[in-house]
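**Student:** Input: one structure, supplied below.
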Amino acid sequence: MIRRSLFVFALALPLAAFAASSRWSERDFPPRPVVALPFSPSAAGAELTTVVGTPQAYTIQKGDTLWDVARHLGLGINAVQHAFPGLDMWIPTEGITVEFPTSWVLPKSDRRGIVINIPEMRLYYFPDAGSAPPTVITYAVGLGREDWQTPTGKFHVTEKTVNPSWVIPAGIREERIRDKRRFENMIPGGDPSNPLGRYRMRLSLPLYGIHGTNIPWGVGMQVSHGCVRLYPEDIEALFPVVPLGTPGEFVYQPVKLGARDGEIFLEAHHDVYGTRFDYWNETRTLVEEQGWSDLVDWGLVAAALDRKSGMPTPVSHGQALLEWRRPPVQAAEAPKARLRTARRQARAADAHPRRIAKD
C-alpha cells in the first residue's frame, strides 16, 4: 500500500512540473462528438469486419507531452506507452509525425451494452439500436490498482447522476486517513477533489461505477479503487446515450482476434493483474474457433504476442480471408486432419525460445 502511494506521488511530481510548460490546458479538451464505428461480425471474406477505427497521424509540436497527445486522440497513456516504448513521454521529439493506435479489435462478447476489457483499459459500448451494420462507441478508461482490482463479471446500469456526491466507503476512508490524513466521510458533487467528476453511472456490482475523474492523467492507468474512470470530455459524451438498465460486462482479454479487408489481426496487451495468462494457448484457441488455423502465419502471431504493442497487427498470409467462407454451424468443428495440422504448426512455433512471453 505504501509503495503504491509513493508511486502515485512520484508520478504526480513530474506531471505537475510539465503542466507548467505544456502548451495544453483544460480548454483544449472540449466534449467530443459521439463516434459510432460500424462493424460486420457475421459477414465473410473482405466484408468480415471486427476491427474498427483507423490510426491517426499527429506531428509532435513544441510543448507537447505524450500525455496531452494521448488525451487529444482519445487514448489512454497505456496505449501510447506500449505502442511506442522508445518515445520520451515528457519531451517527445519535436517535428516527428507518428501514427497513433486509434484502431481496435473488438473484444469477444455478445456485443450488447457495455464491455470493458481490463488489460486493454478500454470501454466498448454497443448501442441497442438495431442498426445495420451494427456500431460500437469506444473510450479509454482508468481502472483499479493492483490492491483494488477491477473485477470481471456482468452488471447493468442502475443509476445515473449528475454532479454526484462521493460517500466514501469505509475501506477507502481508512486508507485516506492513514496515507493522507484526510478524515472526510463525504465529498460533495462539484468539489474539485471529488474523484467521480461530473457524471456517474452506478452499476449493479456493489460499490462499482463508471464515472469521470478529477485527475485526467490517470486514464490508461491503474489508479482507482476499482471503478472505471473516463476523461471528463468522454463521460460527458457517453453519459446521455446509455439508458438505465443497460447490460454490461467486465472481461479480461489480453489477446483479441479480428478481421478487416480480408486480413486477420491480432491485438495483444500486457497481463496487467499478473494472472499468468497463457498467451500462446489462448491465441491458438481463438484461431481454431474461427477456423483460421491454416490462414495465419504463426511466426507473425508469435512476434505480436512477444511485443504486446496493444495495436491490431496483421498475422495472416496476406488477404487470406478473401476466398474464405464461414463454415456452416454443423461443420464448425474442424476435421481431425485439420486439427492435426494446426497442432503441428503450433508445436513448431512453440519451439521458438521467445514465443510464450508472460508478464
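Quick note on naming: the chains in the C-alpha cells go A, B, ... in the order shown, residues restart at 1 in each chain, and ligands are numbered from 1 in order of appearance.
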Need to verify the contact set: segment 286-299 of chain A, 6 Å, only C-alpha atoms, exclusion of same-chain residues closer than 6 positions in sequence. Can you return it as an NGL selection string?
**Tutor:** :A and (315-317 or 320 or 342)
**Student:** For the residues in that selection, give me C-alpha atoms as a PDB file, in the first residue's frame.
**Tutor:**
ATOM      1  CA  VAL A 315      -0.938 -12.065 -38.797  1.00  0.00           C
ATOM      2  CA  SER A 316      -2.431 -13.727 -41.893  1.00  0.00           C
ATOM      3  CA  HIS A 317      -0.892 -14.822 -45.181  1.00  0.00           C
ATOM      4  CA  ALA A 320      -6.199 -14.760 -46.648  1.00  0.00           C
ATOM      5  CA  ALA A 342      -2.835 -26.920 -36.698  1.00  0.00           C
TER       6      ALA A 342
END
**Student:** Counting only C-alpha atoms, which residues of segment 59-88 of chain A sit at most 10 Å from some atom of segment 221-230 of chain A, and what is each one's closest atom pair with its distance in Å to one decimal, listed by chain and rising residue number, as CSV?
**Tutor:**
residue,atom,partner,partner_atom,distance
A:Gly74,CA,A:Leu230,CA,9.9
A:Gly76,CA,A:Met221,CA,7.4
A:Ile77,CA,A:Met221,CA,7.0
A:Asn78,CA,A:Met221,CA,6.5
A:Ala79,CA,A:Met221,CA,9.8
**Student:** Would you list the contacts of Trp90 of chain A as a PyMOL selection string, taking every protein, DNA or RNA residue within 8 Å and counting only C-alpha atoms, but skipping same-chain residues closer than 5 positions in sequence?
**Tutor:** chain A and resi 18+64-67
**Student:** Keeping only all heavy atoms, write those residues as a tab-separated table (two decimals), in the first residue's frame.
**Tutor:**
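Listing of selection01.tsv after writing:
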chain	number	residue	atom	x	y	z
A	18	PHE	N	5.64	19.41	-15.63
A	18	PHE	CA	5.50	19.57	-17.05
A	18	PHE	C	4.21	20.29	-17.42
A	18	PHE	O	4.11	20.86	-18.50
A	18	PHE	CB	5.58	18.22	-17.76
A	18	PHE	CG	6.99	17.79	-18.02
A	18	PHE	CD1	7.69	17.06	-17.08
A	18	PHE	CD2	7.62	18.15	-19.20
A	18	PHE	CE1	9.00	16.68	-17.32
A	18	PHE	CE2	8.93	17.77	-19.43
A	18	PHE	CZ	9.62	17.03	-18.50
A	64	ASP	N	4.40	19.77	-26.43
A	64	ASP	CA	3.60	18.56	-26.31
A	64	ASP	C	4.22	17.59	-25.33
A	64	ASP	O	5.46	17.44	-25.29
A	64	ASP	CB	3.49	17.83	-27.66
A	64	ASP	CG	2.50	18.48	-28.60
A	64	ASP	OD1	1.68	19.29	-28.15
A	64	ASP	OD2	2.54	18.15	-29.81
A	65	THR	N	3.41	16.92	-24.57
A	65	THR	CA	3.81	15.68	-23.91
A	65	THR	C	2.92	14.59	-24.49
A	65	THR	O	1.83	14.86	-25.02
A	65	THR	CB	3.61	15.74	-22.38
A	65	THR	OG1	2.22	15.66	-22.07
A	65	THR	CG2	4.22	17.00	-21.79
A	66	LEU	N	3.34	13.34	-24.38
A	66	LEU	CA	2.50	12.26	-24.90
A	66	LEU	C	1.24	12.08	-24.07
A	66	LEU	O	0.26	11.50	-24.55
A	66	LEU	CB	3.31	10.96	-24.99
A	66	LEU	CG	4.40	10.95	-26.07
A	66	LEU	CD1	5.00	9.57	-26.20
A	66	LEU	CD2	3.87	11.44	-27.41
A	67	TRP	N	1.23	12.56	-22.84
A	67	TRP	CA	0.01	12.54	-22.03
A	67	TRP	C	-1.05	13.43	-22.69
A	67	TRP	O	-2.22	13.04	-22.78
A	67	TRP	CB	0.30	13.03	-20.62
A	67	TRP	CG	1.30	12.22	-19.89
A	67	TRP	CD1	2.66	12.32	-20.00
A	67	TRP	CD2	1.06	11.17	-18.96
A	67	TRP	NE1	3.28	11.41	-19.19
A	67	TRP	CE2	2.32	10.68	-18.53
A	67	TRP	CE3	-0.09	10.61	-18.43
A	67	TRP	CZ2	2.45	9.65	-17.62
A	67	TRP	CZ3	0.03	9.58	-17.50
A	67	TRP	CH2	1.30	9.11	-17.11
**Student:** Name the residues of segment 100-283 of chain A that come out as strand (DSSP E) in a backbone DSSP run; write them as a VMD selection string.
**Tutor:** chain A and resid 100 103 to 105 113 to 117 122 to 126 135 to 140 143 to 144 153 to 162 166 to 167 186 to 187 199 to 203 209 to 211 222 to 224 228 to 229 247 to 251 255 to 260 263 to 268
**Student:** Mind checking DSSP for segment 12-127 of chain A and telling me the helix (DSSP H, G or I) residues as a PyMOL selection string?
**Tutor:** chain A and resi 12-21+26-28+45-47+66-72+77-83
**Student:** Counting only C-alpha atoms, figure out which residue out of A:Gln253, A:Thr135, A:Thr93, A:Thr161 gets nearest to Asn117 of chain A.
**Tutor:**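 Between A:Gln253, A:Thr135, A:Thr93, A:Thr161, the residue approaching Asn117 of chain A most closely is A:Gln253.
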**Student:** Near segment 24-36 of chain A, counting only C-alpha atoms, which residues have an atom at most 10 Å away, once you skip same-chain residues fewer than 5 positions from it, shown as a ChimeraX atom specification?
**Tutor:** /A:19,52-53,63-65,68-69,71-74,125-127,134-138,216,231-238,241
**Student:** Please save C-alpha atoms of the selected residues as a short mmCIF file (atom, residue, chain, number, x, y, z; two decimals), in the first residue's frame.
**Tutor:**
data_model
loop_
_atom_site.label_atom_id
_atom_site.label_comp_id
_atom_site.auth_asym_id
_atom_site.auth_seq_id
_atom_site.Cartn_x
_atom_site.Cartn_y
_atom_site.Cartn_z
CA ALA A 19 1.98 21.00 -16.82
CA VAL A 52 -12.73 -0.70 -36.06
CA GLY A 53 -11.19 2.74 -36.30
CA GLY A 63 5.25 21.92 -25.63
CA ASP A 64 3.60 18.56 -26.31
CA THR A 65 3.81 15.68 -23.91
CA ASP A 68 -1.56 15.53 -23.81
CA VAL A 69 -1.49 13.91 -27.25
CA ARG A 71 -5.89 12.57 -24.38
CA HIS A 72 -6.35 14.68 -27.53
CA LEU A 73 -6.71 11.48 -29.59
CA GLY A 74 -8.92 9.67 -27.07
CA TYR A 125 -20.49 0.49 -25.91
CA PHE A 126 -22.74 -1.41 -28.34
CA PRO A 127 -25.98 0.58 -28.71
CA PRO A 134 -24.13 -2.62 -36.06
CA THR A 135 -21.97 0.04 -34.46
CA VAL A 136 -19.74 0.49 -31.43
CA ILE A 137 -18.63 3.53 -29.42
CA THR A 138 -15.31 3.23 -27.59
CA PRO A 216 -7.39 13.02 -16.25
CA TYR A 231 -11.75 11.57 -19.46
CA PRO A 232 -14.21 14.35 -18.48
CA GLU A 233 -14.98 15.06 -22.14
CA ASP A 234 -15.66 11.37 -22.83
CA ILE A 235 -18.02 10.69 -19.93
CA GLU A 236 -19.93 13.84 -20.89
CA ALA A 237 -20.48 12.33 -24.36
CA LEU A 238 -21.23 8.78 -23.18
CA VAL A 241 -26.59 7.86 -24.69
#
**Student:** If we count only C-alpha atoms, what is near Leu305 of chain A at a cut-off of 10 Å, once residues fewer than 2 positions away on the same chain are taken out, given as number ranges by chain?
**Tutor:** A: 254-255, 266-270, 279-280, 283, 299-303, 307-310, 313, 354-358
**Student:** So how far away is atom CA of Ile60 of chain A from atom CA of Met89 of chain A, in Å?
**Tutor:**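 Here the two named atoms are 11.5 Å from each other.
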**Student:** Mind giving me the straight-line distance from atom CA of Gln319 of chain A to atom CA of Asp261 of chain A in Å, one decimal?
**Tutor:** 7.2 Å
**Student:** For atom CA of Glu47 of chain A and atom CA of Gly248 of chain A, quote the distance in Å rounded to one decimal.
**Tutor:**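 Taking atom CA of Glu47 of chain A and atom CA of Gly248 of chain A, their separation equals 27.1 Å.
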**Student:** If you count only C-alpha atoms, which residues fall within 9 Å of Tyr58 of chain A, apart from same-chain ones fewer than 4 positions away, as a ChimeraX atom specification?
**Tutor:** /A:69,96-100
**Student:** Could you save those same residues with N, CA, C and O atoms as an mmCIF file, in the first residue's frame?
**Tutor:**
data_model
loop_
_atom_site.group_PDB
_atom_site.id
_atom_site.type_symbol
_atom_site.label_atom_id
_atom_site.label_comp_id
_atom_site.auth_asym_id
_atom_site.auth_seq_id
_atom_site.Cartn_x
_atom_site.Cartn_y
_atom_site.Cartn_z
ATOM 1 N N VAL A 69 -1.122 14.432 -25.931
ATOM 2 C CA VAL A 69 -1.487 13.912 -27.250
ATOM 3 C C VAL A 69 -2.414 12.709 -27.113
ATOM 4 O O VAL A 69 -3.389 12.566 -27.859
ATOM 5 N N ILE A 96 8.473 15.204 -35.391
ATOM 6 C CA ILE A 96 8.226 13.889 -35.971
ATOM 7 C C ILE A 96 6.714 13.645 -36.072
ATOM 8 O O ILE A 96 5.936 14.160 -35.281
ATOM 9 N N THR A 97 6.330 12.881 -37.086
ATOM 10 C CA THR A 97 4.928 12.521 -37.268
ATOM 11 C C THR A 97 4.754 11.054 -36.917
ATOM 12 O O THR A 97 5.492 10.198 -37.415
ATOM 13 N N VAL A 98 3.793 10.784 -36.058
ATOM 14 C CA VAL A 98 3.570 9.437 -35.543
ATOM 15 C C VAL A 98 2.128 9.018 -35.838
ATOM 16 O O VAL A 98 1.206 9.837 -35.701
ATOM 17 N N GLU A 99 1.937 7.768 -36.256
ATOM 18 C CA GLU A 99 0.587 7.228 -36.413
ATOM 19 C C GLU A 99 0.176 6.573 -35.100
ATOM 20 O O GLU A 99 0.722 5.540 -34.711
ATOM 21 N N PHE A 100 -0.775 7.182 -34.426
ATOM 22 C CA PHE A 100 -1.186 6.707 -33.110
ATOM 23 C C PHE A 100 -2.240 5.602 -33.245
ATOM 24 O O PHE A 100 -3.018 5.566 -34.204
#
**Student:** Extract, using only C-alpha atoms, all DNA, RNA and protein residues at most 8 Å from Thr246 of chain A, discarding same-chain residues fewer than 2 positions from it, and format them as a JSON list (two decimals) with C-alpha atoms, in the first residue's frame.
**Tutor:**
[["chain", "number", "residue", "atom", "x", "y", "z"],
["A", 113, "GLY", "CA", -24.40, -2.82, -23.95],
["A", 114, "ILE", "CA", -21.09, -2.02, -22.25],
["A", 156, "HIS", "CA", -26.27, -3.47, -15.51],
["A", 157, "VAL", "CA", -26.54, 0.29, -15.07],
["A", 242, "VAL", "CA", -26.51, 4.97, -22.19],
["A", 243, "PRO", "CA", -30.01, 4.15, -20.88],
["A", 244, "LEU", "CA", -30.74, 2.95, -17.36],
["A", 248, "GLY", "CA", -22.57, -4.82, -19.40]]
